[in-house]
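The file input_11.cif comes next; it holds mmCIF, C-alpha atoms.
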```
data_upload
#
loop_
_atom_site.label_atom_id
_atom_site.label_comp_id
_atom_site.auth_asym_id
_atom_site.auth_seq_id
_atom_site.Cartn_x
_atom_site.Cartn_y
_atom_site.Cartn_z
CA MET A 10 0.00 0.00 0.00
CA LEU A 11 1.30 3.49 -0.89
CA THR A 12 1.98 5.99 1.89
CA ASN A 13 0.88 9.57 1.44
CA ASN A 14 4.42 10.67 0.43
CA ASN A 15 4.78 7.80 -2.00
CA TYR A 16 1.35 8.53 -3.43
CA LEU A 17 2.23 12.19 -3.97
CA ARG A 18 5.57 11.24 -5.54
CA ALA A 19 3.88 8.79 -7.92
CA SER A 20 1.26 11.38 -8.82
CA LEU A 21 3.95 13.95 -9.55
CA ILE A 22 5.86 11.53 -11.78
CA SER A 23 2.70 10.67 -13.67
CA PHE A 24 1.97 14.38 -14.13
CA LEU A 25 5.47 15.09 -15.44
CA ILE A 26 5.27 12.13 -17.83
CA GLY A 27 2.00 13.51 -19.11
CA LEU A 28 3.62 16.89 -19.73
CA CYS A 29 6.54 15.33 -21.60
CA ALA A 30 4.37 13.07 -23.76
CA PRO A 31 4.02 14.34 -27.32
CA VAL A 32 0.69 15.95 -28.11
CA VAL A 33 -0.59 14.95 -31.54
CA SER A 34 -2.47 17.84 -33.14
CA ALA A 35 -5.24 17.20 -35.63
CA GLU A 36 -3.95 17.15 -39.20
CA THR A 37 -5.74 18.73 -42.16
CA LEU A 38 -5.91 17.16 -45.59
CA GLU A 39 -3.75 19.95 -47.01
CA GLU A 40 -1.07 19.22 -44.41
CA ALA A 41 -1.27 15.52 -45.21
CA TRP A 42 -0.78 16.28 -48.92
CA ASN A 43 2.26 18.45 -48.22
CA SER A 44 3.79 15.77 -46.04
CA ALA A 45 3.20 13.10 -48.69
CA ILE A 46 4.70 15.23 -51.46
CA ASP A 47 7.82 15.81 -49.33
CA ASN A 48 8.27 12.19 -48.25
CA ASN A 49 6.56 9.82 -50.68
CA HIS A 50 8.99 7.59 -52.59
CA GLN A 51 6.93 7.53 -55.80
CA ILE A 52 7.09 11.32 -56.03
CA LYS A 53 10.82 11.27 -55.31
CA ALA A 54 11.23 8.76 -58.14
CA ALA A 55 9.23 11.01 -60.51
CA LYS A 56 11.40 14.01 -59.58
CA THR A 57 14.51 11.94 -60.29
CA ASP A 58 13.10 11.03 -63.72
CA THR A 59 12.62 14.73 -64.43
CA SER A 60 16.22 15.42 -63.42
CA ALA A 61 17.37 12.64 -65.76
CA ALA A 62 15.36 14.18 -68.61
CA GLU A 63 17.05 17.53 -67.95
CA GLU A 64 20.44 15.85 -68.30
CA GLN A 65 19.29 14.22 -71.55
CA LEU A 66 18.38 17.66 -72.89
CA ASN A 67 21.78 19.04 -71.88
CA SER A 68 23.38 16.08 -73.63
CA ALA A 69 21.41 16.76 -76.82
CA LYS A 70 22.37 20.45 -76.77
CA GLY A 71 25.98 19.46 -76.22
CA GLN A 72 26.08 17.88 -79.70
CA ARG A 73 26.29 21.41 -81.12
CA LEU A 74 29.48 22.12 -79.20
CA PRO A 75 32.99 21.24 -80.44
CA GLU A 76 34.16 17.73 -79.68
CA PHE A 77 37.77 17.62 -78.47
CA ASN A 78 39.71 14.35 -78.58
CA VAL A 79 43.23 13.57 -77.45
CA SER A 80 44.96 10.33 -78.38
CA SER A 81 48.44 8.90 -78.12
CA GLY A 82 50.21 5.61 -78.80
CA TYR A 83 53.45 3.83 -79.37
CA THR A 84 54.11 1.53 -82.33
CA GLN A 85 56.91 -1.03 -82.61
CA ARG A 86 57.48 -2.61 -86.06
CA SER A 87 59.39 -5.77 -86.87
CA GLU A 88 61.23 -4.01 -89.69
CA THR A 89 62.40 -0.48 -90.25
CA PRO A 90 60.08 1.21 -92.74
CA GLY A 91 61.95 2.25 -95.89
CA ALA A 92 61.61 3.12 -99.56
CA VAL A 93 63.20 1.70 -102.70
CA THR A 94 64.04 3.83 -105.75
CA GLN A 95 66.25 3.92 -108.85
CA ILE A 96 69.15 6.35 -108.97
CA ASP A 97 71.29 6.36 -112.15
CA GLY A 98 70.01 2.95 -112.98
CA ARG A 99 70.90 1.51 -109.66
CA THR A 100 68.51 0.43 -106.94
CA ALA A 101 68.75 2.50 -103.80
CA GLN A 102 67.00 1.96 -100.45
CA PHE A 103 66.59 4.38 -97.55
CA ASN A 104 64.71 4.48 -94.29
CA THR A 105 61.54 6.57 -94.01
CA ALA A 106 60.70 6.03 -90.33
CA GLN A 107 61.98 4.52 -87.13
CA PRO A 108 61.02 0.94 -86.26
CA GLY A 109 59.59 2.20 -82.97
CA SER A 110 57.83 5.53 -82.67
CA MET A 111 55.31 7.43 -80.63
CA ASP A 112 52.43 9.47 -82.03
CA ALA A 113 49.93 11.86 -80.47
CA GLU A 114 47.20 14.20 -81.59
CA ALA A 115 44.67 16.66 -80.21
CA ILE A 116 41.78 17.21 -82.60
CA ALA A 117 38.67 19.38 -82.25
CA THR A 118 35.60 18.66 -84.38
CA LEU A 119 32.76 21.14 -84.89
CA PRO A 120 29.58 20.12 -86.76
CA ILE A 121 28.57 22.72 -89.36
CA TYR A 122 25.58 21.08 -91.05
CA THR A 123 23.77 17.88 -90.01
CA GLY A 124 20.56 18.11 -92.00
CA GLY A 125 18.60 18.79 -88.80
CA ARG A 126 19.81 15.68 -86.99
CA ILE A 127 21.03 17.60 -83.92
CA SER A 128 18.16 20.12 -83.81
CA HIS A 129 15.58 17.32 -83.99
CA ASN A 130 17.42 15.50 -81.21
CA ILE A 131 17.24 18.64 -79.07
CA ASN A 132 13.53 19.07 -79.81
CA ALA A 133 12.94 15.43 -78.88
CA ALA A 134 14.80 15.88 -75.59
CA GLU A 135 12.84 19.05 -74.79
CA ALA A 136 9.57 17.21 -75.39
CA SER A 137 10.76 14.32 -73.19
CA LEU A 138 11.60 16.80 -70.42
CA GLN A 139 8.14 18.33 -70.61
CA ALA A 140 6.63 14.84 -70.54
CA ALA A 141 8.66 14.03 -67.41
CA GLN A 142 7.52 17.26 -65.75
CA HIS A 143 3.87 16.48 -66.52
CA ASN A 144 4.45 12.92 -65.30
CA GLU A 145 5.74 14.37 -62.03
CA THR A 146 2.49 16.33 -61.76
CA THR A 147 0.55 13.12 -62.43
CA ALA A 148 2.47 11.32 -59.68
CA GLN A 149 1.67 14.09 -57.22
CA LEU A 150 -2.03 14.05 -58.13
CA ASP A 151 -2.15 10.25 -57.82
CA ILE A 152 -0.50 10.32 -54.40
CA LYS A 153 -2.76 13.16 -53.23
CA MET A 154 -5.79 11.14 -54.30
CA GLN A 155 -4.49 8.05 -52.49
CA VAL A 156 -3.87 10.15 -49.37
CA ALA A 157 -7.37 11.64 -49.63
CA GLU A 158 -8.91 8.17 -49.90
CA ALA A 159 -6.89 6.96 -46.91
CA TYR A 160 -7.79 10.14 -45.01
CA ILE A 161 -11.50 9.57 -45.57
CA ALA A 162 -11.11 5.85 -44.79
CA VAL A 163 -9.77 6.77 -41.34
CA LEU A 164 -12.59 9.25 -40.68
CA ARG A 165 -15.18 6.78 -41.95
CA ALA A 166 -13.83 4.05 -39.67
CA GLU A 167 -13.81 6.45 -36.70
CA SER A 168 -17.46 7.33 -37.35
CA SER A 169 -18.33 3.65 -37.70
CA LEU A 170 -16.62 2.96 -34.37
CA GLN A 171 -18.58 5.74 -32.68
CA VAL A 172 -21.86 4.33 -34.03
CA ALA A 173 -20.85 0.80 -32.96
CA GLN A 174 -19.99 2.03 -29.45
CA SER A 175 -23.29 3.93 -29.30
CA HIS A 176 -25.00 0.69 -30.32
CA VAL A 177 -23.35 -1.12 -27.41
CA GLU A 178 -24.34 1.59 -24.92
CA SER A 179 -27.94 1.53 -26.15
CA LEU A 180 -28.11 -2.26 -25.88
CA LYS A 181 -26.61 -2.13 -22.38
CA ALA A 182 -29.37 0.27 -21.34
CA HIS A 183 -31.95 -2.02 -22.93
CA ALA A 184 -30.47 -5.05 -21.16
CA VAL A 185 -30.95 -3.25 -17.84
CA ASP A 186 -34.60 -2.59 -18.72
CA VAL A 187 -35.12 -6.22 -19.71
CA ASN A 188 -33.56 -7.54 -16.50
CA ASN A 189 -35.69 -5.17 -14.41
CA LEU A 190 -38.84 -6.29 -16.17
CA PHE A 191 -37.79 -9.92 -15.83
CA ASP A 192 -37.22 -9.47 -12.09
CA GLN A 193 -40.74 -8.06 -11.89
CA GLY A 194 -42.05 -11.07 -13.78
CA MET A 195 -43.30 -8.93 -16.67
CA VAL A 196 -41.21 -10.55 -19.44
CA ALA A 197 -39.98 -14.03 -20.21
CA ARG A 198 -36.38 -15.17 -19.73
CA ASN A 199 -36.23 -15.39 -23.51
CA ASP A 200 -36.09 -11.58 -23.66
CA VAL A 201 -33.09 -11.54 -21.33
CA LEU A 202 -31.22 -14.08 -23.44
CA ALA A 203 -32.02 -12.29 -26.69
CA ALA A 204 -30.90 -8.92 -25.27
CA ASN A 205 -27.65 -10.42 -23.99
CA VAL A 206 -26.92 -12.07 -27.36
CA GLU A 207 -27.50 -8.80 -29.19
CA LEU A 208 -25.18 -7.02 -26.76
CA VAL A 209 -22.41 -9.56 -27.25
CA ASN A 210 -22.77 -9.31 -31.02
CA ALA A 211 -22.57 -5.50 -30.77
CA GLU A 212 -19.41 -5.71 -28.64
CA GLN A 213 -17.88 -8.04 -31.23
CA GLN A 214 -18.72 -5.50 -33.90
CA VAL A 215 -16.87 -2.81 -31.92
CA VAL A 216 -13.78 -5.01 -31.94
CA GLN A 217 -14.04 -5.57 -35.68
CA VAL A 218 -14.58 -1.89 -36.49
CA GLY A 219 -11.70 -0.96 -34.17
CA ASN A 220 -9.45 -3.33 -36.10
CA ARG A 221 -10.53 -1.74 -39.40
CA LEU A 222 -9.72 1.67 -37.94
CA ASP A 223 -6.21 0.54 -36.96
CA ILE A 224 -5.63 -0.84 -40.47
CA ALA A 225 -6.90 2.41 -42.02
CA LYS A 226 -4.53 4.45 -39.87
CA ALA A 227 -1.59 2.21 -40.79
CA GLY A 228 -2.39 2.60 -44.50
CA TYR A 229 -2.58 6.36 -44.05
CA ASN A 230 0.80 6.47 -42.26
CA ARG A 231 2.41 4.35 -44.98
CA LEU A 232 1.46 6.84 -47.69
CA LEU A 233 3.07 9.61 -45.65
CA ASP A 234 6.19 7.48 -45.01
CA ARG A 235 5.59 7.40 -41.26
CA ASP A 236 5.76 4.65 -38.70
CA LEU A 237 2.68 2.50 -39.18
CA ALA A 238 1.85 2.73 -35.46
CA ASP A 239 1.96 6.56 -35.29
CA GLU A 240 -1.11 8.20 -33.81
CA VAL A 241 -3.50 9.71 -36.36
CA LYS A 242 -5.82 12.63 -35.65
CA LEU A 243 -7.60 14.21 -38.60
CA VAL A 244 -9.76 17.25 -39.26
CA LYS A 245 -13.10 16.71 -41.00
CA GLN A 246 -12.51 19.38 -43.62
CA PHE A 247 -12.39 18.91 -47.39
CA PRO A 248 -11.97 21.06 -50.53
CA ASP A 249 -15.10 22.55 -52.03
CA MET A 250 -16.95 20.92 -54.87
CA PRO A 251 -16.15 22.55 -58.27
CA LYS A 252 -18.93 24.99 -59.23
CA GLU A 253 -18.92 24.45 -63.02
CA ASP A 254 -21.49 22.35 -64.83
CA LEU A 255 -20.69 18.91 -66.22
CA LYS A 256 -19.76 20.12 -69.71
CA ALA A 257 -17.42 22.81 -68.41
CA LEU A 258 -15.80 20.31 -66.04
CA SER A 259 -15.21 17.87 -68.90
CA ASP A 260 -13.73 20.61 -71.12
CA ASN A 261 -11.43 21.69 -68.30
CA ALA A 262 -10.33 18.11 -67.75
CA PHE A 263 -9.32 17.72 -71.40
CA LYS A 264 -7.21 20.88 -71.09
CA GLN A 265 -5.73 20.30 -67.65
CA ARG A 266 -5.12 16.58 -67.22
CA SER A 267 -1.39 16.03 -67.04
CA GLU A 268 -1.73 12.47 -68.36
CA LEU A 269 -2.88 13.85 -71.72
CA ALA A 270 -0.01 16.33 -71.71
CA VAL A 271 2.43 13.47 -71.03
CA LEU A 272 1.21 11.53 -74.06
CA THR A 273 1.21 14.66 -76.25
CA GLN A 274 4.84 15.41 -75.38
CA GLN A 275 5.86 11.78 -75.79
CA ILE A 276 4.29 11.80 -79.26
CA GLU A 277 6.20 14.98 -80.11
CA SER A 278 9.43 13.44 -78.83
CA LEU A 279 9.00 10.32 -80.98
CA GLU A 280 8.17 12.37 -84.08
CA GLN A 281 11.30 14.47 -83.55
CA GLN A 282 13.38 11.32 -83.04
CA ALA A 283 12.05 9.94 -86.33
CA GLN A 284 13.06 13.17 -88.11
CA SER A 285 16.50 13.02 -86.51
CA VAL A 286 17.04 9.48 -87.77
CA LYS A 287 16.00 10.51 -91.29
CA ALA A 288 18.42 13.44 -91.17
CA GLY A 289 21.27 10.97 -90.64
CA VAL A 290 21.24 10.08 -94.36
CA LEU A 291 21.71 13.72 -95.40
CA PRO A 292 25.18 15.24 -95.88
CA GLN A 293 27.02 15.77 -92.59
CA VAL A 294 29.51 18.63 -92.74
CA ALA A 295 32.10 19.21 -90.03
CA ILE A 296 35.37 21.10 -89.48
CA ASN A 297 38.30 19.33 -87.86
CA GLY A 298 41.40 21.05 -86.57
CA GLY A 299 44.16 20.45 -84.11
CA TYR A 300 47.72 19.39 -83.44
CA GLN A 301 49.48 16.20 -84.58
CA TYR A 302 52.83 14.76 -83.55
CA GLN A 303 54.63 11.80 -85.19
CA GLU A 304 57.98 10.72 -83.80
CA ASN A 305 60.19 10.24 -86.89
CA ARG A 306 63.77 11.45 -87.11
CA TYR A 307 63.69 10.98 -90.89
CA GLN A 308 60.83 13.44 -91.20
CA ALA A 309 61.51 17.17 -91.56
CA ALA A 310 58.67 18.20 -89.19
CA GLU A 311 57.54 15.78 -86.55
CA SER A 312 54.69 18.03 -85.31
CA MET A 313 52.25 20.22 -87.18
CA TRP A 314 48.90 22.01 -86.92
CA MET A 315 46.09 21.03 -89.24
CA VAL A 316 42.56 22.00 -90.26
CA ASN A 317 40.12 20.03 -92.34
CA ALA A 318 36.61 20.54 -93.70
CA GLY A 319 34.90 17.26 -94.44
CA VAL A 320 31.61 15.98 -95.81
CA LYS A 321 30.13 12.61 -94.99
CA TRP A 322 27.10 11.49 -97.00
CA LYS A 323 25.46 8.15 -96.45
CA LEU A 324 24.12 7.41 -99.93
CA PHE A 325 22.53 4.09 -99.02
CA ASP A 326 21.54 2.56 -95.71
CA GLY A 327 19.25 -0.45 -95.47
CA SER A 328 18.16 0.23 -91.88
CA THR A 329 17.65 3.98 -91.41
CA ARG A 330 14.27 4.17 -93.16
CA HIS A 331 12.94 1.18 -91.19
CA GLN A 332 14.21 2.65 -87.93
CA SER A 333 12.51 5.97 -88.68
CA ASP A 334 9.25 4.23 -89.63
CA ALA A 335 9.33 2.16 -86.44
CA ILE A 336 9.62 5.30 -84.30
CA SER A 337 6.84 7.00 -86.28
CA ARG A 338 4.52 4.05 -85.68
CA GLN A 339 5.26 4.21 -81.96
CA ALA A 340 4.04 7.82 -82.11
CA ILE A 341 0.87 6.70 -83.91
CA SER A 342 0.30 4.09 -81.18
CA LEU A 343 0.55 6.78 -78.50
CA LYS A 344 -1.96 8.92 -80.41
CA GLU A 345 -4.44 6.05 -80.20
CA GLN A 346 -3.76 5.72 -76.47
CA ARG A 347 -4.29 9.46 -76.03
CA ASP A 348 -7.66 9.28 -77.80
CA ASP A 349 -8.68 6.38 -75.58
CA LEU A 350 -7.54 8.25 -72.44
CA THR A 351 -9.56 11.29 -73.51
CA SER A 352 -12.69 9.14 -73.58
CA THR A 353 -11.79 7.60 -70.22
CA ILE A 354 -11.29 11.02 -68.63
CA GLY A 355 -14.71 12.12 -69.86
CA LEU A 356 -16.21 9.04 -68.18
CA GLN A 357 -14.30 9.69 -64.94
CA VAL A 358 -15.62 13.26 -64.76
CA ARG A 359 -19.19 12.18 -65.44
CA GLN A 360 -19.07 9.31 -62.93
CA ALA A 361 -17.61 11.44 -60.14
CA TRP A 362 -20.13 14.21 -60.83
CA LEU A 363 -23.05 11.76 -60.74
CA ASP A 364 -21.69 10.09 -57.59
CA TRP A 365 -21.61 13.48 -55.86
CA GLN A 366 -25.17 14.24 -56.96
CA GLU A 367 -26.31 10.86 -55.63
CA ALA A 368 -24.49 11.38 -52.32
CA GLN A 369 -26.15 14.77 -51.83
CA LYS A 370 -29.58 13.19 -52.21
CA ARG A 371 -28.60 10.42 -49.81
CA ILE A 372 -27.45 12.98 -47.23
CA ALA A 373 -30.84 14.69 -47.34
CA VAL A 374 -32.76 11.43 -47.05
CA THR A 375 -30.59 9.80 -44.38
CA GLY A 376 -30.57 13.00 -42.34
CA GLN A 377 -34.35 12.76 -42.08
CA ALA A 378 -34.12 9.03 -41.38
CA ILE A 379 -31.91 9.67 -38.33
CA GLU A 380 -34.51 11.88 -36.71
CA GLN A 381 -37.24 9.35 -37.40
CA ALA A 382 -35.12 6.40 -36.23
CA GLU A 383 -34.20 8.17 -32.96
CA GLU A 384 -37.87 8.99 -32.32
CA ASN A 385 -38.89 5.44 -33.22
CA MET A 386 -36.32 4.07 -30.76
CA ARG A 387 -37.54 6.34 -27.98
CA VAL A 388 -41.20 5.49 -28.54
CA THR A 389 -40.53 1.75 -28.83
CA THR A 390 -38.42 1.73 -25.66
CA ASP A 391 -41.13 3.55 -23.72
CA SER A 392 -43.74 1.14 -25.04
CA TYR A 393 -41.62 -1.86 -24.05
CA GLN A 394 -41.14 -0.51 -20.54
CA GLN A 395 -44.92 -0.21 -20.29
CA GLY A 396 -45.44 -3.70 -21.70
CA LEU A 397 -46.98 -2.41 -24.94
CA SER A 398 -44.27 -3.67 -27.34
CA THR A 399 -41.98 -6.67 -27.57
CA ASN A 400 -38.25 -7.11 -27.11
CA THR A 401 -38.00 -7.83 -30.81
CA ASP A 402 -39.53 -4.43 -31.57
CA VAL A 403 -36.87 -2.69 -29.46
CA LEU A 404 -33.99 -4.59 -31.03
CA LYS A 405 -35.34 -3.87 -34.50
CA ALA A 406 -35.71 -0.16 -33.64
CA GLU A 407 -32.11 -0.12 -32.39
CA ASP A 408 -30.89 -1.75 -35.59
CA LEU A 409 -32.76 0.88 -37.60
CA ARG A 410 -31.21 3.62 -35.48
CA THR A 411 -27.62 2.42 -35.97
CA THR A 412 -28.22 1.73 -39.66
CA SER A 413 -29.54 5.25 -40.20
CA HIS A 414 -26.47 6.75 -38.50
CA ASP A 415 -24.15 4.57 -40.58
CA ASN A 416 -26.00 5.50 -43.76
CA PHE A 417 -25.80 9.20 -42.94
CA ASN A 418 -22.06 9.03 -42.20
CA ASN A 419 -21.38 7.02 -45.34
CA ALA A 420 -23.39 9.44 -47.47
CA ASN A 421 -21.36 12.37 -46.16
CA TYR A 422 -18.01 10.65 -46.70
CA ASP A 423 -19.10 9.39 -50.12
CA ALA A 424 -19.96 12.98 -51.06
CA ALA A 425 -16.55 14.22 -49.89
CA LEU A 426 -14.82 11.41 -51.75
CA ALA A 427 -16.83 12.04 -54.93
CA ALA A 428 -15.91 15.75 -54.83
CA LEU A 429 -12.24 14.88 -54.43
CA ARG A 430 -12.39 12.34 -57.25
CA LEU A 431 -14.09 14.92 -59.45
CA ARG A 432 -11.30 17.40 -58.75
CA ARG A 433 -8.77 14.69 -59.55
CA ALA A 434 -10.61 13.84 -62.78
CA VAL A 435 -10.50 17.51 -63.78
CA GLY A 436 -6.81 17.73 -62.80
CA VAL A 437 -7.06 20.37 -60.06
CA LEU A 438 -6.79 18.29 -56.87
#
```

Translate this file's structure into structure tokens.
Amino acid sequence: MLTNNNYLRASLISFLIGLCAPVVSAETLEEAWNSAIDNNHQIKAAKTDTSAAEEQLNSAKGQRLPEFNVSSGYTQRSETPGAVTQIDGRTAQFNTAQPGSMDAEAIATLPIYTGGRISHNINAAEASLQAAQHNETTAQLDIKMQVAEAYIAVLRAESSLQVAQSHVESLKAHAVDVNNLFDQGMVARNDVLAANVELVNAEQQVVQVGNRLDIAKAGYNRLLDRDLADEVKLVKQFPDMPKEDLKALSDNAFKQRSELAVLTQQIESLEQQAQSVKAGVLPQVAINGGYQYQENRYQAAESMWMVNAGVKWKLFDGSTRHQSDAISRQAISLKEQRDDLTSTIGLQVRQAWLDWQEAQKRIAVTGQAIEQAEENMRVTTDSYQQGLSTNTDVLKAEDLRTTSHDNFNNANYDAALAALRLRRAVGVL
């Protein structure tokens, strides 16, 4: 047993622990989105892809700059190189190089005309970069939608748990009434058993809903790259429903959806690549210049500067045309995918808009049903206490009451989810 001093000491320690314990503030959906964007691995991967596309563009632009090469080597021959000639009718032989010699050169090459090969490569890289940037936007929108769905799943499970706990409390109160009436000999033991069974089933439902809530919180924490067991407190606040009509929303979606922009830029990139490949069979003009050194004591000048203007023209190539056609057909394939995605986006907008309209009607209806179900429960309970209704009537009234609350909560969360999905379908989440 604790003495007074020990009790005070224990109370003080408990108080200090309570002060030091972290207080988890309620998190808004906007804060959850910001956290996910900063920490989610899929978004980090998309940003890395964009960075890679930027480097590809820099690489393509670098083809316009001079190329500078330095090379060196040493050659050892089995024989001394020489030349044979006739002098006054007699054969004469003399050396032209050393059997072993070193050579080195530093040459710069600058492309002058490539038939558009380099410029098309740059255009293709620019389109790929824009596609990567739009893809990054798509990744952010996808993650935000997943976070929103997980956010609502947590709130929905919390509401379900509250209704389930309310169901237990109501059945406990009813069990007390049944036992009192049984003690007075006004009801059969059957009523007691039925009330107890319903209470046990309700308590089991609380356990199940509590488990679903824990799973929903873990899924939410995973999306935000947090410990799965972290505490979750959320604010019931969501973005407003877009005000435009269905046609305007669809038109905006076709203009704003980043997925369509990704495909458009990928098509442009492929078309530019096809043009670049075709340009490879046109004349390629370049200037070469630099310094050359050849170790040779028989040579008057072992080192010299040089400049050269050269033309390379591939008159026949059995693969270039097929390669260009293959890339062009890939672009055509993406055009078909873009047309199909356009149709899908229109369906997504319409479905989300209709789901929101349905949810609004359900909210109105279920809101009225709650009032009626609560009144029905009160009247039925009073009647049972006066012996004017049966135990079955009370249990049925309680089931109607909990069902009406669940329906109302689900209608509200379905409306919030439909509004969010509509914003995602339009591309403004």

(message) When you count all atoms listed in the file, which of these residues is closest to Ser34 in chain A: A:Val244, A:Ala113, A:Val209, A:Ala204?
(response) A:Val244

(request) Could you check which of A:Ile161, A:Met111, A:Val358, A:Ala173 is closest to Ala424 in chain A, using all atoms listed in the file? (result) A:Ile161

Please enumerate the residues selected by the PyMOL selection byres ((chain A and resi 319) around 10) when evaluated against the supplied file, formatted as a compact mmCIF listing (two decimals) with C-alpha atoms, in the coordinates of the input.
```
# COMPACT_ATOMS: atom_id res chain seq x y z
CA PRO A 120 29.58 20.12 -86.76
CA ILE A 121 28.57 22.72 -89.36
CA GLN A 293 27.02 15.77 -92.59
CA VAL A 294 29.51 18.63 -92.74
CA ALA A 295 32.10 19.21 -90.03
CA ILE A 296 35.37 21.10 -89.48
CA ASN A 297 38.30 19.33 -87.86
CA VAL A 316 42.56 22.00 -90.26
CA ASN A 317 40.12 20.03 -92.34
CA ALA A 318 36.61 20.54 -93.70
CA VAL A 320 31.61 15.98 -95.81
CA LYS A 321 30.13 12.61 -94.99
```

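Using all atoms listed in the file, the shortest contact distance between Asn189 in chain A and any of A:Thr123, A:Thr118, A:Asn421, A:Gln394 is found at A:Gln394.
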
Pull the closest atom pair for each residue of range 208-323 of chain A that gets at most 9 Å from range 163-169 of chain A, along with the distance in Å to one decimal, counting all atoms listed in the file, ordering rows by chain and then ascending residue number, as CSV.
```
residue,atom,partner,partner_atom,distance
A:Val215,CA,A:Ser169,CA,8.8
A:Val218,CA,A:Ala166,CA,6.8
A:Gly219,CA,A:Ala166,CA,7.7
A:Arg221,CA,A:Ala166,CA,6.7
A:Leu222,CA,A:Ala166,CA,5.1
A:Asp223,CA,A:Val163,CA,8.4
A:Ile224,CA,A:Val163,CA,8.7
A:Ala225,CA,A:Val163,CA,5.3
A:Lys226,CA,A:Val163,CA,5.9
A:Tyr229,CA,A:Val163,CA,7.7
A:Val241,CA,A:Val163,CA,8.5
A:Leu243,CA,A:Leu164,CA,7.3
A:Val244,CA,A:Leu164,CA,8.6
A:Lys245,CA,A:Leu164,CA,7.5
```

Please produce a file of those selected residues containing C-alpha atoms, as a short mmCIF file (atom, residue, chain, number, x, y, z; two decimals), in the frame of the given file.
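Result saved to selection-v7.cif:
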```cif
data_model
loop_
_atom_site.label_atom_id
_atom_site.label_comp_id
_atom_site.auth_asym_id
_atom_site.auth_seq_id
_atom_site.Cartn_x
_atom_site.Cartn_y
_atom_site.Cartn_z
CA VAL A 215 -16.87 -2.81 -31.92
CA VAL A 218 -14.58 -1.89 -36.49
CA GLY A 219 -11.70 -0.96 -34.17
CA ARG A 221 -10.53 -1.74 -39.40
CA LEU A 222 -9.72 1.67 -37.94
CA ASP A 223 -6.21 0.54 -36.96
CA ILE A 224 -5.63 -0.84 -40.47
CA ALA A 225 -6.90 2.41 -42.02
CA LYS A 226 -4.53 4.45 -39.87
CA TYR A 229 -2.58 6.36 -44.05
CA VAL A 241 -3.50 9.71 -36.36
CA LEU A 243 -7.60 14.21 -38.60
CA VAL A 244 -9.76 17.25 -39.26
CA LYS A 245 -13.10 16.71 -41.00
#
```

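CA of Thr147 in chain A lies 10.6 Å from CA of Leu438 in chain A.
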
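Nearest residue to Phe263 in chain A, choosing from A:Gln301, A:Ser80, A:Gln357, A:Gln381 and counting all atoms listed in the file: A:Gln357.
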
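Restricting the calculation to all atoms listed in the file, the smallest distance between Gln246 in chain A and any of A:Thr37, A:Asn205, A:Thr353, A:Asn385 is found for A:Thr37.
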
(message) Which residues are near range 363-376 of chain A? Cut-off 9 Å, only C-alpha atoms, ignore same chain within fewer than 3 positions. Put them as a list in words.
(response) Met250, Val358, Arg359, Gln360, Ile379, Glu380, Ser413, His414, Asn416, Phe417, Asn418, Asn419, Ala420, Asn421, Tyr422, Asp423, Ala424, Ala425, Leu426, Ala427, Ala428 and Leu431 of chain A

(request) For range 337-352 of chain A, please output as a list in words all residues within 7 Å (counting all atoms listed in the file; exclusion window: fewer than 5 positions along the same chain). (result)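 What passes the distance filter is Phe263, Leu269, Leu272, Ile276, Leu279, Glu280 and Ala283 of chain A.
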
(message) Measuring between only C-alpha atoms, which one of A:Thr89, A:Asn132, A:Gln139, A:Gln72 shows the shortest distance to Ser60 in chain A?
(response) A:Gln139

May I have the residues within 8 Å of Ala262 in chain A as a PDB file with C-alpha atoms, in the frame of the given file, using all atoms listed in the file and disregarding those fewer than 5 positions away in the same chain?
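Saved file selection.pdb follows:
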```pdb
ATOM      1  CA  ILE A 354     -11.290  11.020 -68.630  1.00  0.00           C
ATOM      2  CA  GLY A 355     -14.710  12.120 -69.860  1.00  0.00           C
ATOM      3  CA  VAL A 358     -15.620  13.260 -64.760  1.00  0.00           C
ATOM      4  CA  ALA A 434     -10.610  13.840 -62.780  1.00  0.00           C
ATOM      5  CA  VAL A 435     -10.500  17.510 -63.780  1.00  0.00           C
ATOM      6  CA  GLY A 436      -6.810  17.730 -62.800  1.00  0.00           C
TER       7      GLY A 436
END
```

(message) Which residues would end up in the selection if the PyMOL selection byres ((chain A and resi 396) around 12) were applied here, given that I need the answer as a list in words?
(response) Asp186, Val187, Leu190, Phe191, Gln193, Gly194, Met195, Val196, Ala197, Thr389, Thr390, Asp391, Ser392, Tyr393, Gln394, Gln395, Leu397, Ser398, Thr399, Asn400, Asp402 and Val403 of chain A
